[in-house]
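Novice: Below: one structure in structure tokens.
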Amino acid sequence: MTWLNPGGLPRRQSFQGWLFLLPLMIATIVVIVLPTLATVAFSLTDWSGFGEVTFIGLENFRQLATDASFLQSLKHAVIWTAIFLTVPIFMGLLGAVLLSEAGPLQTFFKLVYFIPVTLASVINAHIWRSLYDPFRGAGAVLEGLGIPFLADVAFLGEKNLALYAVAWVDVWRWWGFLVVVFLAALQAINPELYDSAKVDGASWWLEFRHVTLPGIRVTLLFVVLITIVGSLNVFDYVYILTQGGPAGATEVPVTLLYKSAFQKYEAGYAAAIGTTMSFLSGLVLVGYLLLQHMGWEE
Amino acid sequence: MKQHLSRRQFLSLTSKSALAPVAGRFLVPASLATSGALSSASSLLAQEATIELWWGSGFLDIEDYFNANVIDPFEAANPGVDLEFSWDVDEELERKIPIAMQAGAGPDIFMGNGPSHIQAVAREGWLVELDEYAEQYGWEEKFQTWALDTCRVNGKLYCLPNSVNQTCLFYNASLFQDMGWAVPTTRAEIETVAQEAADRGIIPFAGGTSDCPLCVNWLVSIAFNHYAGPDAVHEALTGARSFSDSLFVEATELLNSWMQQGWIAGGAAQFFATTFSTVHDQLVKREAAMSMEGTWFIPWVSSLFAETDDDWNWVPNPSLREEVQYPVIPLGSGNTLSITTQSENADIAADFLNSYYPDTATIGQRIADHSSFFIAPVNFQEGDFPAELDGRVSKFFDLLADGNLGYSPWSFWPARTHSYLYEEVQKVFTGDLSPADYCAGMAAVFDEELAAGAVPPVFGRG
């Protein structure tokens, strides 16, 4: 039983250590483990969310595999993930690199970029819904100023644009957070490495590639992890702005889950969606842990 | 937006409000009127009790009035009874009730999100049967039969209808007058007005669902009730006719043709992306001629037009097929009030419900004061409405008495079919689904729910 006492501590100290962990373990079991197990169990039933529960085996998962709405929502989640692995990370990195050289204005800009993060998603969404309004939004205002290129563009109404329009609202909120995270990582890099690179005649790009990126690798990997998991489970901005519409154009797995559970009273099916998404997120987490295990962070 | 406010916070806020003098003005007469209605039962309630109520947060818009006319009079008439309100949006309440009930933490009274929600909750045995209270308080006589019937599950009463509404046609009356347009009552007439408006660069029907995607169900309700007709809808809801019937397909085709012509909001993309505030602004500013909305819009349209020189009015939507008798009034029950089986004070809760619906003259006064909140489906008598009540509000009740009553999806469609109705019609508008396939899909979902006994009660014809 060495796993109970991995540090080889005296028995009394080991016991005290576990005692300190006990409240957190209880909270984890009650808040995370039991609901997760319950969700997995309900995914094997036809539960409506009310009353009787009937075991139906893997029927919900069989249905999911051929459900066009779910497959479309998965596709949207992949697109969303691709957007968030590129646009805000690029913007955040660029912003952090530029801010690292901003001198006394750095704090001011950090604050400005961070403001959207502090606003409630409902407020952010309301602001952007108004900006996207085809008759009274930014496009109409620009048209009034003689700049008509956005006139008649219904960002949230065009099925080919809506997902990107919603994603942009979330990017606008998220990238400021990444600026601050990346800036903190940049500031932890030993300045002597940059001095050495300069002595060796490295260009800005070579400095970035061989000093900056390796220096923030751990942070970057963590940001990639939370981006993928967050994107697979995105809900708030999509639900507030479009509820998955128009015509399913912005449907993502968790909005579908919500509708199944609370609009159609198909809680068992909703649990199957949740279990599937948790499984996919778990795969990403396993990948991250494998990279850690392989010493990628060292 | 989700809001939570305990009753004590509510009272604290209202007492500090600059509007307190206004609330005070209502307090005396309303208290007198309501306490009269309570007198018979309140003597039974000489006990300490806390009644927890989960209520629609929309009422926070009139918190002073609600406090002075509903809460305070009841507590004053029942010393020892404390009403604890928790406010939330209707959809959130719908989500929270099953969770709370299964956790044994349900309220005494909650505002349900319409009859189909109540069907599901009542079947679990979570609601107190109200039939004995109905007999005790005379609710059968007080409420309109059709409305009370929507609250029955297997013949037993489980809720009281809190509001009644209908989709209708609002129009800029001044614009109509200037253009020489007659108020339409037939399909030919409304299409003539729509075409003339479009020719002049005016959007025929302002519309938008950006704030409320499911509100596209208003349009489907209009198409089904005014084209297929309430008889056909009744047959469909009782299983005598399929939703895949050609009448419903044609109704959907007609609605879609209006959308594709740009008559509604300028087109489907604009319709999905436009906010309510823009919709209403377009109507006020003559950028749009009409708006197919519902009677819940009456208080707001009135205040919006008050800031302009233009005037407004509303009529039932035209009959869109010759065989459908005008006017059709598609009725909807906005939300409902129920007592849960976890209430330890069901008698007091029932007494509060009774006090919430005082004599019809008091309800008439409340409608005159705040017509968006108190349009209760009760049997009004002549003289119940005060003289200052706008005729455009009282018209609603006249039509209820005389009209060809129809069925709003949010009240009479079962949950999954209703969800299908507003989710999938969007695909018709975007060209991803044909009207025939849309109706066939609705029929398939409905047939499953009909077989499962999940269809809310439907009032009969005639």
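To be explicit about the labels: the chains of the structure tokens are called A, B, and onward in the order shown, and within each one the residues are counted from 1, while ligands get numbers from 1 in the order they are shown.
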Would you mind writing down, as a PyMOL selection string, each residue of region 265-440 of chain B that DSSP on the backbone assigns to helix (DSSP H, G or I)?
Specialist: chain B and resi 268-273+276-284+295-305+346-356+360-369+391-402+409-412+415-429+435-440
Novice: Taking only C-alpha atoms into account, report as an NGL selection string which residues of chain B lie within 6 Å of chain A.
Specialist: :B and (95 or 124 or 269-270 or 272-274 or 415-416 or 426-427)
Novice: Take the residues just selected and output them with N, CA and C atoms as a tab-separated table (two decimals), in the first residue's frame.
Specialist:
```tsv
chain	number	residue	atom	x	y	z
B	95	ARG	N	-37.18	24.55	-15.33
B	95	ARG	CA	-36.03	23.67	-15.17
B	95	ARG	C	-35.82	23.30	-13.69
B	124	GLU	N	-46.21	13.26	-12.17
B	124	GLU	CA	-45.29	12.70	-11.17
B	124	GLU	C	-45.86	12.73	-9.76
B	269	ALA	N	-33.16	35.81	-42.74
B	269	ALA	CA	-31.93	36.14	-41.99
B	269	ALA	C	-32.17	37.33	-41.07
B	270	GLN	N	-32.85	38.34	-41.61
B	270	GLN	CA	-33.16	39.52	-40.80
B	270	GLN	C	-34.10	39.14	-39.65
B	272	PHE	N	-34.34	36.33	-38.04
B	272	PHE	CA	-33.65	35.63	-36.95
B	272	PHE	C	-32.74	36.57	-36.16
B	273	ALA	N	-32.30	37.66	-36.78
B	273	ALA	CA	-31.27	38.49	-36.14
B	273	ALA	C	-31.80	39.78	-35.54
B	274	THR	N	-33.06	40.08	-35.74
B	274	THR	CA	-33.60	41.37	-35.29
B	274	THR	C	-34.15	41.26	-33.86
B	415	ALA	N	-44.94	18.93	-25.08
B	415	ALA	CA	-43.62	19.56	-25.02
B	415	ALA	C	-42.73	19.26	-26.23
B	416	ARG	N	-42.60	18.00	-26.60
B	416	ARG	CA	-41.66	17.67	-27.69
B	416	ARG	C	-42.18	18.17	-29.03
B	426	GLN	N	-37.68	26.85	-38.48
B	426	GLN	CA	-36.56	27.71	-38.90
B	426	GLN	C	-35.89	27.12	-40.14
B	427	LYS	N	-35.86	25.78	-40.22
B	427	LYS	CA	-35.25	25.12	-41.38
B	427	LYS	C	-36.11	25.29	-42.63
```
Novice: Near region 451-460 of chain B, within 8 Å and counting only C-alpha atoms, which residues show up once chain neighbours fewer than 4 positions away are dropped, as number ranges by chain?
Specialist: B: 115-116, 119-120, 146, 149-153, 234, 237-238, 411-414, 447
Novice: Take the selection from the previous step and output its residues with N, CA and C atoms, as an mmCIF file, in the first residue's frame.
Specialist:
```cif
data_model
loop_
_atom_site.group_PDB
_atom_site.id
_atom_site.type_symbol
_atom_site.label_atom_id
_atom_site.label_comp_id
_atom_site.auth_asym_id
_atom_site.auth_seq_id
_atom_site.Cartn_x
_atom_site.Cartn_y
_atom_site.Cartn_z
ATOM 1 N N PRO B 115 -49.544 24.978 -19.626
ATOM 2 C CA PRO B 115 -50.187 23.689 -19.354
ATOM 3 C C PRO B 115 -49.344 22.466 -19.684
ATOM 4 N N SER B 116 -48.529 22.509 -20.763
ATOM 5 C CA SER B 116 -47.784 21.293 -21.098
ATOM 6 C C SER B 116 -46.729 21.005 -20.037
ATOM 7 N N GLN B 119 -48.598 19.370 -17.180
ATOM 8 C CA GLN B 119 -48.907 17.965 -17.471
ATOM 9 C C GLN B 119 -47.809 17.064 -16.935
ATOM 10 N N ALA B 120 -46.571 17.420 -17.275
ATOM 11 C CA ALA B 120 -45.434 16.576 -16.892
ATOM 12 C C ALA B 120 -45.249 16.551 -15.375
ATOM 13 N N TRP B 146 -62.633 26.950 -20.576
ATOM 14 C CA TRP B 146 -61.533 26.451 -21.411
ATOM 15 C C TRP B 146 -60.205 26.597 -20.697
ATOM 16 N N ASP B 149 -59.823 24.125 -17.910
ATOM 17 C CA ASP B 149 -59.647 22.793 -18.476
ATOM 18 C C ASP B 149 -58.190 22.519 -18.858
ATOM 19 N N THR B 150 -57.457 23.571 -19.227
ATOM 20 C CA THR B 150 -56.048 23.341 -19.595
ATOM 21 C C THR B 150 -55.231 22.930 -18.369
ATOM 22 N N CYS B 151 -55.793 23.128 -17.198
ATOM 23 C CA CYS B 151 -55.086 22.793 -15.959
ATOM 24 C C CYS B 151 -55.458 21.414 -15.434
ATOM 25 N N ARG B 152 -56.218 20.674 -16.202
ATOM 26 C CA ARG B 152 -56.631 19.349 -15.724
ATOM 27 C C ARG B 152 -55.747 18.266 -16.329
ATOM 28 N N VAL B 153 -55.440 17.288 -15.490
ATOM 29 C CA VAL B 153 -54.734 16.097 -15.945
ATOM 30 C C VAL B 153 -55.568 14.912 -15.477
ATOM 31 N N HIS B 234 -58.004 21.592 -33.872
ATOM 32 C CA HIS B 234 -58.624 20.776 -32.822
ATOM 33 C C HIS B 234 -58.591 19.299 -33.203
ATOM 34 N N LEU B 237 -55.086 18.028 -32.754
ATOM 35 C CA LEU B 237 -54.676 17.880 -31.356
ATOM 36 C C LEU B 237 -55.393 16.731 -30.652
ATOM 37 N N THR B 238 -56.497 16.312 -31.235
ATOM 38 C CA THR B 238 -57.207 15.173 -30.633
ATOM 39 C C THR B 238 -56.979 13.885 -31.424
ATOM 40 N N SER B 411 -49.630 26.512 -25.386
ATOM 41 C CA SER B 411 -50.557 26.005 -24.379
ATOM 42 C C SER B 411 -51.090 24.615 -24.698
ATOM 43 N N PHE B 412 -51.239 24.329 -25.968
ATOM 44 C CA PHE B 412 -51.977 23.106 -26.315
ATOM 45 C C PHE B 412 -51.135 22.025 -26.991
ATOM 46 N N TRP B 413 -49.913 22.371 -27.400
ATOM 47 C CA TRP B 413 -49.045 21.351 -27.996
ATOM 48 C C TRP B 413 -48.264 20.662 -26.876
ATOM 49 N N PRO B 414 -48.072 19.355 -26.944
ATOM 50 C CA PRO B 414 -47.218 18.704 -25.948
ATOM 51 C C PRO B 414 -45.758 19.135 -26.130
ATOM 52 N N ASP B 447 -47.672 12.109 -32.799
ATOM 53 C CA ASP B 447 -48.312 10.798 -32.637
ATOM 54 C C ASP B 447 -47.707 10.032 -31.460
#
```
Novice: Which residues are near region 243-257 of chain B? Cut-off 7 Å, only C-alpha atoms, ignore same chain within fewer than 4 positions. Put them as a compact mmCIF listing (two decimals) with N, CA and C atoms, in the first residue's frame.
Specialist:
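Below you can see selection.txt, which holds the result:
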```txt
# COMPACT_ATOMS: atom_id res chain seq x y z
N ALA B 223 -50.34 30.79 -38.78
CA ALA B 223 -50.56 30.03 -40.02
C ALA B 223 -51.55 28.88 -39.79
N PHE B 224 -51.35 28.14 -38.71
CA PHE B 224 -52.19 26.98 -38.47
C PHE B 224 -53.62 27.39 -38.11
N TYR B 227 -55.10 29.76 -41.23
CA TYR B 227 -55.23 29.14 -42.55
C TYR B 227 -55.91 27.76 -42.43
N ALA B 228 -55.28 26.87 -41.69
CA ALA B 228 -55.90 25.55 -41.51
C ALA B 228 -57.22 25.71 -40.74
N ALA B 236 -56.50 17.88 -35.16
CA ALA B 236 -55.11 17.39 -35.09
C ALA B 236 -54.71 17.12 -33.65
N GLN B 261 -40.61 36.22 -49.61
CA GLN B 261 -40.82 37.48 -50.33
C GLN B 261 -40.24 38.67 -49.56
N PHE B 429 -37.73 28.07 -43.22
CA PHE B 429 -37.40 29.44 -43.65
C PHE B 429 -36.02 29.54 -44.30
N PRO B 435 -42.01 22.37 -46.48
CA PRO B 435 -43.20 22.42 -45.62
C PRO B 435 -43.83 21.04 -45.41
N ALA B 436 -43.85 20.22 -46.46
CA ALA B 436 -44.44 18.89 -46.32
C ALA B 436 -43.65 18.03 -45.34
N CYS B 439 -44.20 19.25 -41.74
CA CYS B 439 -45.48 18.81 -41.15
C CYS B 439 -45.47 17.31 -40.88
N ALA B 440 -44.82 16.56 -41.78
CA ALA B 440 -44.74 15.11 -41.56
C ALA B 440 -43.94 14.83 -40.28
N MET B 442 -43.64 16.82 -37.71
CA MET B 442 -44.44 17.21 -36.56
C MET B 442 -45.47 16.12 -36.25
N ALA B 443 -46.05 15.56 -37.30
CA ALA B 443 -47.04 14.51 -37.09
C ALA B 443 -46.42 13.30 -36.39
```
Novice: Among region 296-424 of chain B, which ones does DSSP place in strand (DSSP E), written as JSON, numbers by chain?
Specialist: {"B": [312, 313, 314, 315, 328, 329, 330, 331, 332, 333, 336, 337, 338, 339, 404, 405, 406, 407]}
Novice: Name all residues at most 8 Å from Ser221 (chain B) (count only C-alpha atoms; drop same-chain ones fewer than 5 positions away) and give them as a list in words.
Specialist: Thr167, Pro330, Tyr407, Ser408 and Pro409 of chain B
Novice: Contacts of region 30-42 of chain A at 12 Å or less, counting only C-alpha atoms, minus same-chain residues fewer than 2 places along, as number ranges by chain?
Specialist: A: 23-28, 44-50, 52-61, 261, 266-279
Novice: Once you have the residues from the selection above, write them out as a short mmCIF file (atom, residue, chain, number, x, y, z; two decimals), in the first residue's frame, restricted to C-alpha atoms.
Specialist:
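For reference, result_27.cif as written:
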```cif
data_model
loop_
_atom_site.label_atom_id
_atom_site.label_comp_id
_atom_site.auth_asym_id
_atom_site.auth_seq_id
_atom_site.Cartn_x
_atom_site.Cartn_y
_atom_site.Cartn_z
CA PRO A 23 -12.92 17.55 3.32
CA LEU A 24 -11.83 18.13 -0.27
CA MET A 25 -12.22 14.45 -1.08
CA ILE A 26 -15.72 14.41 0.37
CA ALA A 27 -16.64 17.54 -1.59
CA THR A 28 -15.20 16.01 -4.76
CA LEU A 44 -28.49 4.10 -20.00
CA THR A 45 -32.15 4.86 -19.32
CA ASP A 46 -35.12 6.49 -21.01
CA TRP A 47 -35.66 8.83 -18.04
CA SER A 48 -37.73 11.90 -18.89
CA GLY A 49 -36.42 13.93 -15.98
CA PHE A 50 -39.50 13.00 -14.02
CA GLU A 52 -39.93 6.34 -13.58
CA VAL A 53 -36.60 5.20 -14.95
CA THR A 54 -36.31 2.30 -17.38
CA PHE A 55 -32.98 0.73 -18.27
CA ILE A 56 -32.48 0.67 -22.05
CA GLY A 57 -28.82 -0.25 -22.29
CA LEU A 58 -26.86 1.56 -24.98
CA GLU A 59 -29.93 2.63 -26.96
CA ASN A 60 -29.33 6.35 -26.32
CA PHE A 61 -25.77 6.04 -27.61
CA ALA A 261 -33.32 17.70 -20.91
CA GLU A 266 -35.51 13.53 -22.57
CA ALA A 267 -33.14 13.53 -19.62
CA GLY A 268 -31.74 10.08 -20.40
CA TYR A 269 -30.78 11.17 -23.89
CA ALA A 270 -29.34 14.41 -22.52
CA ALA A 271 -27.25 12.35 -20.07
CA ALA A 272 -25.94 10.33 -23.01
CA ILE A 273 -24.84 13.54 -24.73
CA GLY A 274 -23.19 14.71 -21.52
CA THR A 275 -21.44 11.38 -21.03
CA THR A 276 -20.17 11.41 -24.60
CA MET A 277 -18.82 14.95 -24.27
CA SER A 278 -17.21 14.10 -20.94
CA PHE A 279 -15.56 11.10 -22.57
#
```
Novice: Would you mind reading off the distance between CA of Val229 (chain A) and CA of Leu161 (chain A), one decimal, in Å?
Specialist: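 Distance between the two atoms: 23.5 Å.
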Novice: Which one of B:Val315, B:Leu160, B:Ala387, B:Val216 sits closest to Thr145 (chain B) if you count only C-alpha atoms?
Specialist: B:Leu160
Novice: Go through B:Ser419, B:Thr430, B:Ser277, B:Thr295 and flag the residue nearest Asn217 (chain B), using only C-alpha atoms for the distances.
Specialist: B:Ser419
Novice: Distance CA of Glu101 (chain A)-CA of Leu178 (chain A), one decimal place?
Specialist: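 That distance, rounded to one decimal, is 16.7 Å.
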Novice: Do a neighbour search on Tyr171 (chain B) at 7 Å with only C-alpha atoms, toss out local chain neighbours closer than 2 positions, and write the hits as a PyMOL selection string.
Specialist: chain B and resi 169+173+289-291+312-314
Novice: Return the single residue from A:Tyr237, A:Trp80, A:Tyr194, A:Phe109 that is closest to Ile127 (chain A), with distances computed using only C-alpha atoms.
Specialist: A:Tyr237
